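Student: PDB, C-alpha atoms and all ligand atoms, file final.pdb:
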```pdb
ATOM      1  CA  MET Z 294     -86.520 -12.720  -3.924
ATOM      2  CA  SER Z 295     -83.063 -12.197  -2.518
ATOM      3  CA  THR Z 296     -81.436 -14.394   0.027
ATOM      4  CA  THR Z 297     -78.525 -13.465   2.234
ATOM      5  CA  ALA Z 298     -76.186 -16.223   3.223
ATOM      6  CA  THR Z 299     -75.013 -15.778   6.801
ATOM      7  CA  LYS Z 300     -71.825 -17.378   7.908
ATOM      8  CA  PRO Z 301     -71.820 -19.057  11.297
ATOM      9  CA  ARG Z 302     -69.894 -17.151  13.946
ATOM     10  CA  ALA Z 303     -66.309 -18.213  14.378
ATOM     11  CA  SER Z 304     -65.822 -20.362  17.393
ATOM     12  CA  ILE Z 305     -63.068 -18.775  19.475
ATOM     13  CA  ALA Z 306     -61.904 -20.485  22.619
ATOM     14  CA  ALA Z 307     -59.953 -17.493  23.991
ATOM     15  CA  ARG Z 308     -61.824 -15.261  26.461
ATOM     16  CA  THR Z 309     -60.584 -12.193  24.627
ATOM     17  CA  LEU Z 310     -58.328 -11.506  21.686
ATOM     18  CA  ARG Z 311     -57.123  -8.242  23.185
ATOM     19  CA  THR Z 312     -53.399  -8.276  23.817
ATOM     20  CA  ASP Z 313     -53.031  -4.809  25.333
ATOM     21  CA  ARG Z 314     -53.200  -4.087  29.074
ATOM     22  CA  TRP Z 315     -56.995  -3.702  29.099
ATOM     23  CA  TRP Z 316     -57.069  -4.710  32.785
ATOM     24  CA  LEU Z 317     -55.024  -1.673  33.887
ATOM     25  CA  ALA Z 318     -57.868   0.897  33.893
ATOM     26  CA  PRO Z 319     -60.258  -1.275  35.977
ATOM     27  CA  LEU Z 320     -57.402  -2.109  38.344
ATOM     28  CA  ILE Z 321     -56.558   1.574  38.882
ATOM     29  CA  THR Z 322     -60.258   2.251  39.506
ATOM     30  CA  VAL Z 323     -60.486  -0.514  42.133
ATOM     31  CA  VAL Z 324     -57.392   0.749  43.947
ATOM     32  CA  GLY Z 325     -58.291   4.456  43.686
ATOM     33  CA  LEU Z 326     -61.965   4.211  44.609
ATOM     34  CA  GLY Z 327     -61.278   1.550  47.256
ATOM     35  CA  ALA Z 328     -58.645   3.727  48.958
ATOM     36  CA  TRP Z 329     -60.847   6.819  48.863
ATOM     37  CA  VAL Z 330     -63.950   5.084  50.216
ATOM     38  CA  THR Z 331     -61.885   3.518  53.036
ATOM     39  CA  TYR Z 332     -60.367   6.885  53.993
ATOM     40  CA  ALA Z 333     -63.721   8.714  53.847
ATOM     41  CA  THR Z 334     -65.512   6.027  55.899
ATOM     42  CA  VAL Z 335     -62.866   6.087  58.621
ATOM     43  CA  ARG Z 336     -62.920   9.876  58.773
ATOM     44  CA  VAL Z 337     -66.696  10.191  58.859
ATOM     45  CA  PHE Z 338     -66.977   7.782  61.802
ATOM     46  CA  LEU Z 339     -63.972   9.160  63.672
ATOM     47  CA  HIS Z 340     -66.127  11.998  65.031
ATOM     48  CA  ARG Z 341     -63.146  14.227  65.854
ATOM     49  CA  ASP Z 342     -60.635  16.704  64.423
ATOM     50  CA  PHE Z 343     -63.154  18.123  61.963
ATOM     51  CA  TYR Z 344     -63.109  21.792  62.944
ATOM     52  CA  VAL Z 345     -60.534  24.512  63.602
ATOM     53  CA  ALA Z 346     -62.352  27.084  65.728
ATOM     54  CA  ASP Z 347     -59.736  29.869  65.360
ATOM     55  CA  TYR Z 348     -60.184  30.017  61.570
ATOM     56  CA  HIS Z 349     -63.655  28.473  61.153
ATOM     57  CA  TYR Z 350     -62.238  25.642  59.083
ATOM     58  CA  LEU Z 351     -64.832  22.872  58.775
ATOM     59  CA  THR Z 352     -64.024  19.758  56.758
ATOM     60  CA  PRO Z 353     -66.516  19.039  53.931
ATOM     61  CA  PHE Z 354     -67.011  15.503  55.325
ATOM     62  CA  TYR Z 355     -68.720  17.067  58.356
ATOM     63  CA  SER Z 356     -70.660  19.870  56.666
ATOM     64  CA  PRO Z 357     -73.176  20.966  57.679
ATOM     65  CA  CYS Z 358     -72.387  19.773  61.172
ATOM     66  CA  ILE Z 359     -75.693  18.953  62.869
ATOM     67  CA  THR Z 360     -75.057  16.743  65.910
ATOM     68  CA  ASP Z 361     -74.579  17.993  69.467
ATOM     69  CA  ARG Z 362     -70.892  17.070  69.136
ATOM     70  CA  CYS Z 363     -70.414  19.958  66.679
ATOM     71  CA  GLY Z 364     -70.142  22.864  69.153
ATOM     72  CA  GLU Z 365     -69.275  26.109  67.321
ATOM     73  CA  ALA Z 366     -69.211  24.262  64.002
ATOM     74  CA  ALA Z 367     -73.008  23.853  64.099
ATOM     75  CA  GLU Z 368     -73.805  26.777  61.790
ATOM     76  CA  PHE Z 369     -77.283  25.441  61.060
ATOM     77  CA  GLY Z 370     -78.212  24.078  64.490
ATOM     78  CA  ALA Z 371     -77.592  20.664  66.061
ATOM     79  CA  PRO Z 372     -80.873  18.690  66.030
ATOM     80  CA  LEU Z 373     -79.260  15.226  66.196
ATOM     81  CA  PRO Z 374     -77.696  13.476  69.211
ATOM     82  CA  SER Z 375     -74.077  12.327  69.043
ATOM     83  CA  PHE Z 376     -73.984   8.601  68.489
ATOM     84  CA  TRP Z 377     -71.147   6.757  66.760
ATOM     85  CA  LEU Z 378     -73.397   5.520  63.946
ATOM     86  CA  ILE Z 379     -74.654   9.024  63.177
ATOM     87  CA  PRO Z 380     -72.243  11.074  61.033
ATOM     88  CA  GLU Z 381     -71.996  14.757  61.904
ATOM     89  CA  ALA Z 382     -73.151  15.505  58.329
ATOM     90  CA  ALA Z 383     -75.981  12.970  58.497
ATOM     91  CA  PHE Z 384     -78.305  15.201  56.502
ATOM     92  CA  THR Z 385     -76.071  15.660  53.442
ATOM     93  CA  LEU Z 386     -73.846  12.574  53.167
ATOM     94  CA  PRO Z 387     -76.612  10.234  51.887
ATOM     95  CA  PHE Z 388     -77.407  12.656  49.050
ATOM     96  CA  LEU Z 389     -73.739  13.087  48.156
ATOM     97  CA  LEU Z 390     -73.325   9.318  48.133
ATOM     98  CA  LEU Z 391     -76.374   8.969  45.883
ATOM     99  CA  PHE Z 392     -75.066  11.711  43.579
ATOM    100  CA  ARG Z 393     -71.705   9.996  43.091
ATOM    101  CA  LEU Z 394     -73.115   6.455  42.940
ATOM    102  CA  THR Z 395     -75.596   7.354  40.205
ATOM    103  CA  CYS Z 396     -73.162   9.591  38.281
ATOM    104  CA  TYR Z 397     -72.853   8.448  34.661
ATOM    105  CA  TYR Z 398     -69.055   8.390  34.865
ATOM    106  CA  TYR Z 399     -68.835   6.501  38.171
ATOM    107  CA  ARG Z 400     -71.388   3.993  36.874
ATOM    108  CA  LYS Z 401     -69.108   3.199  33.978
ATOM    109  CA  ALA Z 402     -66.121   3.027  36.313
ATOM    110  CA  TYR Z 403     -67.561   0.706  38.941
ATOM    111  CA  TYR Z 404     -69.583  -1.452  36.527
ATOM    112  CA  ARG Z 405     -66.295  -2.213  34.799
ATOM    113  CA  ALA Z 406     -63.976  -2.382  37.773
ATOM    114  CA  PHE Z 407     -66.108  -4.005  40.480
ATOM    115  CA  TRP Z 408     -68.875  -5.850  38.622
ATOM    116  CA  LEU Z 409     -66.820  -6.739  35.541
ATOM    117  CA  SER Z 410     -69.859  -5.956  33.477
ATOM    118  CA  PRO Z 411     -67.959  -5.871  31.175
ATOM    119  CA  PRO Z 412     -64.417  -5.184  32.419
ATOM    120  CA  ALA Z 413     -63.436  -3.594  29.083
ATOM    121  CA  CYS Z 414     -64.492  -3.402  25.433
ATOM    122  CA  ALA Z 415     -64.261  -6.779  23.673
ATOM    123  CA  VAL Z 416     -63.713  -8.575  26.981
ATOM    124  CA  PRO Z 417     -66.547 -10.909  28.072
ATOM    125  CA  ASP Z 418     -68.928  -9.941  30.828
ATOM    126  CA  GLY Z 419     -68.217 -11.428  34.234
ATOM    127  CA  HIS Z 420     -71.896 -12.427  34.566
ATOM    128  CA  GLN Z 421     -74.114 -14.837  32.661
ATOM    129  CA  ARG Z 422     -77.162 -12.601  32.618
ATOM    130  CA  TYR Z 423     -77.597  -8.917  31.959
ATOM    131  CA  SER Z 424     -80.733  -6.977  32.839
ATOM    132  CA  GLY Z 425     -79.288  -3.480  32.483
ATOM    133  CA  GLU Z 426     -80.767  -0.557  34.364
ATOM    134  CA  THR Z 427     -84.386  -1.352  33.585
ATOM    135  CA  ARG Z 428     -85.093  -3.395  36.716
ATOM    136  CA  PHE Z 429     -84.615  -3.269  40.478
ATOM    137  CA  PRO Z 430     -82.164  -2.299  41.881
ATOM    138  CA  LEU Z 431     -80.365  -0.507  39.064
ATOM    139  CA  ILE Z 432     -83.495   1.251  37.888
ATOM    140  CA  PHE Z 433     -82.809   3.646  40.763
ATOM    141  CA  GLN Z 434     -79.871   4.978  38.764
ATOM    142  CA  ASN Z 435     -82.512   7.063  37.006
ATOM    143  CA  ALA Z 436     -82.870   9.160  40.170
ATOM    144  CA  HIS Z 437     -79.620  10.890  39.272
ATOM    145  CA  ARG Z 438     -81.299  14.129  38.242
ATOM    146  CA  TYR Z 439     -82.838  14.515  41.727
ATOM    147  CA  ALA Z 440     -79.503  13.760  43.372
ATOM    148  CA  PHE Z 441     -78.063  16.548  41.217
ATOM    149  CA  TYR Z 442     -80.499  19.074  42.709
ATOM    150  CA  ALA Z 443     -79.453  18.021  46.226
ATOM    151  CA  ALA Z 444     -75.748  18.176  45.307
ATOM    152  CA  ALA Z 445     -76.167  21.705  43.962
ATOM    153  CA  ILE Z 446     -77.660  22.800  47.317
ATOM    154  CA  ILE Z 447     -74.805  21.089  49.175
ATOM    155  CA  SER Z 448     -72.287  22.935  46.985
ATOM    156  CA  VAL Z 449     -73.898  26.180  48.185
ATOM    157  CA  ILE Z 450     -73.339  25.031  51.792
ATOM    158  CA  ASN Z 451     -69.683  24.211  51.008
ATOM    159  CA  THR Z 452     -69.334  27.677  49.492
ATOM    160  CA  TRP Z 453     -70.751  29.183  52.683
ATOM    161  CA  ASP Z 454     -68.138  27.256  54.707
ATOM    162  CA  ALA Z 455     -65.379  28.812  52.585
ATOM    163  CA  VAL Z 456     -66.873  32.301  52.950
ATOM    164  CA  ARG Z 457     -67.222  31.825  56.713
ATOM    165  CA  ALA Z 458     -63.588  30.768  57.033
ATOM    166  CA  GLN Z 459     -62.546  33.764  54.934
ATOM    167  CA  GLN Z 460     -63.899  36.139  57.585
ATOM    168  CA  THR Z 461     -60.966  35.298  59.879
ATOM    169  CA  GLY Z 462     -58.196  36.299  57.433
ATOM    170  CA  LEU Z 463     -56.223  34.273  54.942
ATOM    171  CA  GLY Z 464     -54.263  31.106  55.446
ATOM    172  CA  LEU Z 465     -53.287  28.046  53.464
ATOM    173  CA  GLY Z 466     -56.454  26.401  54.753
ATOM    174  CA  ASN Z 467     -58.559  29.091  53.053
ATOM    175  CA  LEU Z 468     -56.839  28.474  49.732
ATOM    176  CA  ILE Z 469     -57.420  24.735  50.066
ATOM    177  CA  LEU Z 470     -61.096  25.268  50.979
ATOM    178  CA  TRP Z 471     -61.610  27.557  47.964
ATOM    179  CA  ALA Z 472     -59.811  25.213  45.575
ATOM    180  CA  ASN Z 473     -62.065  22.388  46.770
ATOM    181  CA  VAL Z 474     -65.250  24.456  46.409
ATOM    182  CA  ILE Z 475     -64.338  25.616  42.897
ATOM    183  CA  MET Z 476     -63.611  22.036  41.826
ATOM    184  CA  LEU Z 477     -66.856  20.808  43.442
ATOM    185  CA  TRP Z 478     -68.830  23.393  41.470
ATOM    186  CA  ALA Z 479     -67.008  22.434  38.268
ATOM    187  CA  TYR Z 480     -67.812  18.743  38.842
ATOM    188  CA  THR Z 481     -71.455  19.445  39.805
ATOM    189  CA  LEU Z 482     -72.107  21.740  36.837
ATOM    190  CA  SER Z 483     -70.388  19.340  34.428
ATOM    191  CA  CYS Z 484     -73.013  16.694  35.315
ATOM    192  CA  HIS Z 485     -74.890  15.220  32.334
ATOM    193  CA  SER Z 486     -78.218  15.918  34.066
ATOM    194  CA  CYS Z 487     -77.218  19.556  34.549
ATOM    195  CA  ARG Z 488     -76.436  19.775  30.823
ATOM    196  CA  HIS Z 489     -79.868  18.401  30.006
ATOM    197  CA  ILE Z 490     -81.557  20.751  32.461
ATOM    198  CA  ALA Z 491     -79.684  23.669  30.866
ATOM    199  CA  GLY Z 492     -80.373  22.884  27.214
ATOM    200  CA  GLY Z 493     -82.806  19.988  26.986
ATOM    201  CA  ARG Z 494     -86.410  20.085  25.715
ATOM    202  CA  LEU Z 495     -85.781  23.228  23.659
ATOM    203  CA  LYS Z 496     -86.717  23.485  20.004
ATOM    204  CA  HIS Z 497     -84.900  26.743  19.268
ATOM    205  CA  PHE Z 498     -81.776  27.826  21.085
ATOM    206  CA  SER Z 499     -82.102  31.203  19.330
ATOM    207  CA  LYS Z 500     -85.186  31.939  21.435
ATOM    208  CA  HIS Z 501     -83.401  31.104  24.704
ATOM    209  CA  PRO Z 502     -80.032  32.918  24.548
ATOM    210  CA  VAL Z 503     -79.352  32.726  28.305
ATOM    211  CA  ARG Z 504     -79.967  28.976  28.450
ATOM    212  CA  TYR Z 505     -77.898  28.539  25.301
ATOM    213  CA  ARG Z 506     -74.928  30.350  26.852
ATOM    214  CA  PHE Z 507     -75.241  28.324  30.069
ATOM    215  CA  TRP Z 508     -75.602  25.076  28.085
ATOM    216  CA  THR Z 509     -72.461  25.971  26.061
ATOM    217  CA  PHE Z 510     -70.548  26.596  29.286
ATOM    218  CA  VAL Z 511     -71.797  23.363  30.879
ATOM    219  CA  SER Z 512     -71.048  21.404  27.695
ATOM    220  CA  LYS Z 513     -67.408  22.500  27.803
ATOM    221  CA  LEU Z 514     -67.134  21.395  31.435
ATOM    222  CA  ASN Z 515     -68.966  18.170  30.584
ATOM    223  CA  THR Z 516     -66.126  17.051  28.303
ATOM    224  CA  ARG Z 517     -63.936  16.980  31.435
ATOM    225  CA  HIS Z 518     -66.436  15.193  33.675
ATOM    226  CA  MET Z 519     -64.285  12.110  34.287
ATOM    227  CA  GLN Z 520     -61.245  14.184  35.215
ATOM    228  CA  LEU Z 521     -63.352  16.378  37.504
ATOM    229  CA  ALA Z 522     -64.809  13.285  39.188
ATOM    230  CA  TRP Z 523     -61.285  12.179  40.171
ATOM    231  CA  ILE Z 524     -59.949  15.669  40.926
ATOM    232  CA  THR Z 525     -62.777  16.311  43.390
ATOM    233  CA  LEU Z 526     -62.063  13.045  45.194
ATOM    234  CA  GLY Z 527     -58.520  14.358  45.598
ATOM    235  CA  THR Z 528     -59.500  17.876  46.723
ATOM    236  CA  LEU Z 529     -62.074  16.507  49.190
ATOM    237  CA  ALA Z 530     -59.539  14.164  50.787
ATOM    238  CA  LEU Z 531     -56.831  16.858  50.815
ATOM    239  CA  THR Z 532     -59.142  19.437  52.420
ATOM    240  CA  ASP Z 533     -60.271  16.964  55.051
ATOM    241  CA  PHE Z 534     -56.725  15.826  55.805
ATOM    242  CA  TYR Z 535     -55.388  19.387  56.125
ATOM    243  CA  ILE Z 536     -58.163  20.429  58.517
ATOM    244  CA  MET Z 537     -57.747  17.219  60.518
ATOM    245  CA  ALA Z 538     -53.999  17.843  60.809
ATOM    246  CA  VAL Z 539     -54.408  21.477  61.947
ATOM    247  CA  SER Z 540     -57.254  20.565  64.304
ATOM    248  CA  ALA Z 541     -55.253  17.716  65.856
ATOM    249  CA  GLY Z 542     -52.204  19.983  66.299
ATOM    250  CA  TRP Z 543     -49.912  18.024  63.921
ATOM    251  CA  PHE Z 544     -48.909  21.385  62.404
ATOM    252  CA  SER Z 545     -50.174  24.990  62.366
ATOM    253  CA  ASP Z 546     -52.048  26.665  59.581
ATOM    254  CA  LEU Z 547     -49.754  28.756  57.376
ATOM    255  CA  ARG Z 548     -51.192  32.266  57.811
ATOM    256  CA  PHE Z 549     -50.768  35.097  55.320
ATOM    257  CA  ILE Z 550     -53.276  37.560  56.863
ATOM    258  CA  GLY Z 551     -54.854  37.454  60.332
TER     259      GLY Z 551
HETATM  260 FE1  LIG T 601     -71.723  12.553  36.849
HETATM  261 FE2  LIG T 601     -74.151  13.761  36.921
HETATM  262  S1  LIG T 601     -73.321  12.506  35.392
HETATM  263  S2  LIG T 601     -72.517  13.860  38.368
END
```
Starting from the file, lay out its structure as structure tokens.
Tutor:
Amino acid sequence: MSTTATKPRASIAARTLRTDRWWLAPLITVVGLGAWVTYATVRVFLHRDFYVADYHYLTPFYSPCITDRCGEAAEFGAPLPSFWLIPEAAFTLPFLLLFRLTCYYYRKAYYRAFWLSPPACAVPDGHQRYSGETRFPLIFQNAHRYAFYAAAIISVINTWDAVRAQQTGLGLGNLILWANVIMLWAYTLSCHSCRHIAGGRLKHFSKHPVRYRFWTFVSKLNTRHMQLAWITLGTLALTDFYIMAVSAGWFSDLRFIG
């Protein structure tokens, strides 16, 4: 019979032995996400300067525009009344919020930065108890796959907005809209759920060459998921700001054609 002597754990008074700037990444996340959420919330409830009729520029924060405040921007009808608590994109914003909130990358980011759970590797958790994502409310994080389906449909709508704007010619606003749409597709397709949908539950890739090629493509994008998550926050805010500025008359759209 063999016995294994176990040494008692060392008693260390320090909260962490890390001496590097481990707090920098969570701090940047708090500042970056906090600033973006503040900007987006203000814009969504501003209810103005969201559309440039001459060039069919519609900001993604108001797409599809479905309240009776939308006017010409209501490409898909306007079934909702205008009320300050109802965003113009009331149908899509909840799904986009769910998609980002349940995203594997954002979960890591805000668990660390806002819940300190834990703030960094080898740094103690900010909470006494840990129940993970197996109980209410975090068990709803498992709905991510369904949020992905909704986000894919919304990316199609954003693509339609860019196509619609393209019909009036070409300006700087068109380039910004297209850059945003391309980045949104890259972020959406790089989703971990998308990768599993593309290549999961298969025994032989050799028997599914199309899915294998798509899975390979998605896998390459997936390695950049964190960067794409931040880049799309930037392109969304930039697109919205540009359209707001042109719509409000702060400056004119730079036109190349039309
Ligand atoms: Fe980030 Fe799906 S894991 S969007």
Student: Give the residues close to ligand LIG 601 (chain T), within 6 Å, counting all atoms listed in the file; write them as a PyMOL selection string.
Tutor: chain Z and resi 396-398+481+484-486
Student: Go ahead and save the picked residues with C-alpha atoms, as a PDB file, in the coordinates of the input.
Tutor:
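Saved file out_0.pdb follows:
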```pdb
ATOM      1  CA  CYS Z 396     -73.162   9.591  38.281  1.00  0.00           C
ATOM      2  CA  TYR Z 397     -72.853   8.448  34.661  1.00  0.00           C
ATOM      3  CA  TYR Z 398     -69.055   8.390  34.865  1.00  0.00           C
ATOM      4  CA  THR Z 481     -71.455  19.445  39.805  1.00  0.00           C
ATOM      5  CA  CYS Z 484     -73.013  16.694  35.315  1.00  0.00           C
ATOM      6  CA  HIS Z 485     -74.890  15.220  32.334  1.00  0.00           C
ATOM      7  CA  SER Z 486     -78.218  15.918  34.066  1.00  0.00           C
TER       8      SER Z 486
END
```
Student: With 4 Å on each side, where is the centre of the axis-aligned box around all listed atoms of stretch 425-434 of chain Z, and how long are its edges in Å to one decimal, as AutoDock Vina command-line options?
Tutor:
```
--center_x -82.2 --center_y 0.7 --center_z 37.2 --size_x 13.8 --size_y 16.5 --size_z 17.4
```
Student: Report the residues retrieved by the PyMOL selection byres (((chain Z and resi 488-497) around 9) and not hetatm) from the displayed file, expressed as JSON, numbers by chain.
Tutor: {"Z": [438, 482, 483, 484, 485, 486, 487, 498, 499, 500, 501, 504, 505, 507, 508, 509, 511, 512, 515]}
Student: Could you tell me which of Z:Thr452, Z:Asn473, Z:Thr309, Z:Thr385 comes closest to Z:Leu531 if we count all atoms listed in the file?
Tutor: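 Closest candidate: Z:Asn473.
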Student: Taking the file as shown, find all residues satisfying the PyMOL selection byres (((chain Z and resi 465) around 9) and not hetatm) and write them as a ChimeraX atom specification.
Tutor: /Z:463-464,466-470,546-549
Student: Between Z:Thr528, Z:Arg308, Z:Ile536, Z:Trp453, which residue has the minimum interatomic distance to Z:Asp418, considering all atoms listed in the file?
Tutor: Z:Arg308
Student: Running the PyMOL selection byres (((chain Z and resi 358-361) around 10) and not hetatm) on this model by hand, what would come out? Give it as a PyMOL selection string.
Tutor: chain Z and resi 343-344+351-357+362-376+379-385
Student: Smallest atom-to-atom distance to Z:Val337: which of Z:Tyr439, Z:Ala445, Z:Ala530, Z:Val474, using only C-alpha atoms?
Tutor: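 Of Z:Tyr439, Z:Ala445, Z:Ala530, Z:Val474, the one nearest Z:Val337 is Z:Ala530, counting only C-alpha atoms.
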Student: Might you pull out every residue within 9 Å of stretch 427-437 of chain Z, with only C-alpha atoms counted and same-chain residues fewer than 2 positions away left off, and present them as a list in words?
Tutor: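 That gives Leu391, Phe392, Arg393, Leu394, Thr395, Cys396, Tyr397, Arg400, Ser424, Gly425, Tyr439, Ala440, Phe441, Tyr442 and Ser486 of chain Z.
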Student: How far is it from atom CA of Z:Ala346 to atom CA of Z:Ala328, in Å with one decimal?
Tutor: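 Going from atom CA of Z:Ala346 over to atom CA of Z:Ala328 covers 29.0 Å.
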Student: Check the smallest atom-to-atom distance from each of Z:Leu389, Z:Arg422, Z:Phe338, Z:Val449 to Z:Trp377 using all atoms listed in the file, then report the winner.
Tutor: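 Looking at the shortest contact to Z:Trp377, the residue is Z:Phe338.
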Student: Can you work out the spacing between atom CA of Z:Gly325 and atom CA of Z:Ala541 in Å, to one decimal?
Tutor: 26.0 Å
Student: Give me stretch 453-476 of chain Z with N, CA and C atoms filled in, as a compact mmCIF listing (two decimals), in the frame of the given file.
Tutor:
```txt
# COMPACT_ATOMS: atom_id res chain seq x y z
N TRP Z 453 -70.56 28.40 51.45
CA TRP Z 453 -70.75 29.18 52.68
C TRP Z 453 -69.63 28.88 53.69
N ASP Z 454 -69.24 27.62 53.80
CA ASP Z 454 -68.14 27.26 54.71
C ASP Z 454 -66.85 28.00 54.33
N ALA Z 455 -66.60 28.11 53.02
CA ALA Z 455 -65.38 28.81 52.58
C ALA Z 455 -65.48 30.30 52.88
N VAL Z 456 -66.67 30.87 52.66
CA VAL Z 456 -66.87 32.30 52.95
C VAL Z 456 -66.71 32.56 54.44
N ARG Z 457 -67.29 31.69 55.24
CA ARG Z 457 -67.22 31.82 56.71
C ARG Z 457 -65.77 31.79 57.18
N ALA Z 458 -64.99 30.87 56.65
CA ALA Z 458 -63.59 30.77 57.03
C ALA Z 458 -62.81 32.00 56.59
N GLN Z 459 -63.24 32.60 55.48
CA GLN Z 459 -62.55 33.76 54.93
C GLN Z 459 -62.65 34.96 55.86
N GLN Z 460 -63.68 34.99 56.70
CA GLN Z 460 -63.90 36.14 57.58
C GLN Z 460 -62.83 36.26 58.66
N THR Z 461 -61.99 35.24 58.83
CA THR Z 461 -60.97 35.30 59.88
C THR Z 461 -59.60 35.70 59.33
N GLY Z 462 -59.49 35.95 58.03
CA GLY Z 462 -58.20 36.30 57.43
C GLY Z 462 -57.89 35.38 56.27
N LEU Z 463 -56.60 35.12 56.08
CA LEU Z 463 -56.22 34.27 54.94
C LEU Z 463 -55.07 33.36 55.34
N GLY Z 464 -55.31 32.10 55.18
CA GLY Z 464 -54.26 31.11 55.45
C GLY Z 464 -54.27 30.05 54.36
N LEU Z 465 -53.34 29.12 54.46
CA LEU Z 465 -53.29 28.05 53.46
C LEU Z 465 -54.60 27.25 53.46
N GLY Z 466 -55.18 27.12 54.66
CA GLY Z 466 -56.45 26.40 54.75
C GLY Z 466 -57.55 27.05 53.92
N ASN Z 467 -57.56 28.41 53.88
CA ASN Z 467 -58.56 29.09 53.05
C ASN Z 467 -58.37 28.76 51.58
N LEU Z 468 -57.11 28.77 51.15
CA LEU Z 468 -56.84 28.47 49.73
C LEU Z 468 -57.28 27.06 49.39
N ILE Z 469 -57.02 26.13 50.31
CA ILE Z 469 -57.42 24.74 50.07
C ILE Z 469 -58.94 24.62 50.03
N LEU Z 470 -59.62 25.31 50.96
CA LEU Z 470 -61.10 25.27 50.98
C LEU Z 470 -61.66 25.82 49.67
N TRP Z 471 -61.10 26.96 49.20
CA TRP Z 471 -61.61 27.56 47.96
C TRP Z 471 -61.33 26.66 46.76
N ALA Z 472 -60.14 26.10 46.71
CA ALA Z 472 -59.81 25.21 45.58
C ALA Z 472 -60.80 24.05 45.54
N ASN Z 473 -61.11 23.51 46.71
CA ASN Z 473 -62.06 22.39 46.77
C ASN Z 473 -63.46 22.82 46.31
N VAL Z 474 -63.90 23.99 46.78
CA VAL Z 474 -65.25 24.46 46.41
C VAL Z 474 -65.34 24.71 44.90
N ILE Z 475 -64.31 25.33 44.34
CA ILE Z 475 -64.34 25.62 42.90
C ILE Z 475 -64.39 24.30 42.10
N MET Z 476 -63.60 23.33 42.53
CA MET Z 476 -63.61 22.04 41.83
C MET Z 476 -64.95 21.31 42.01
```
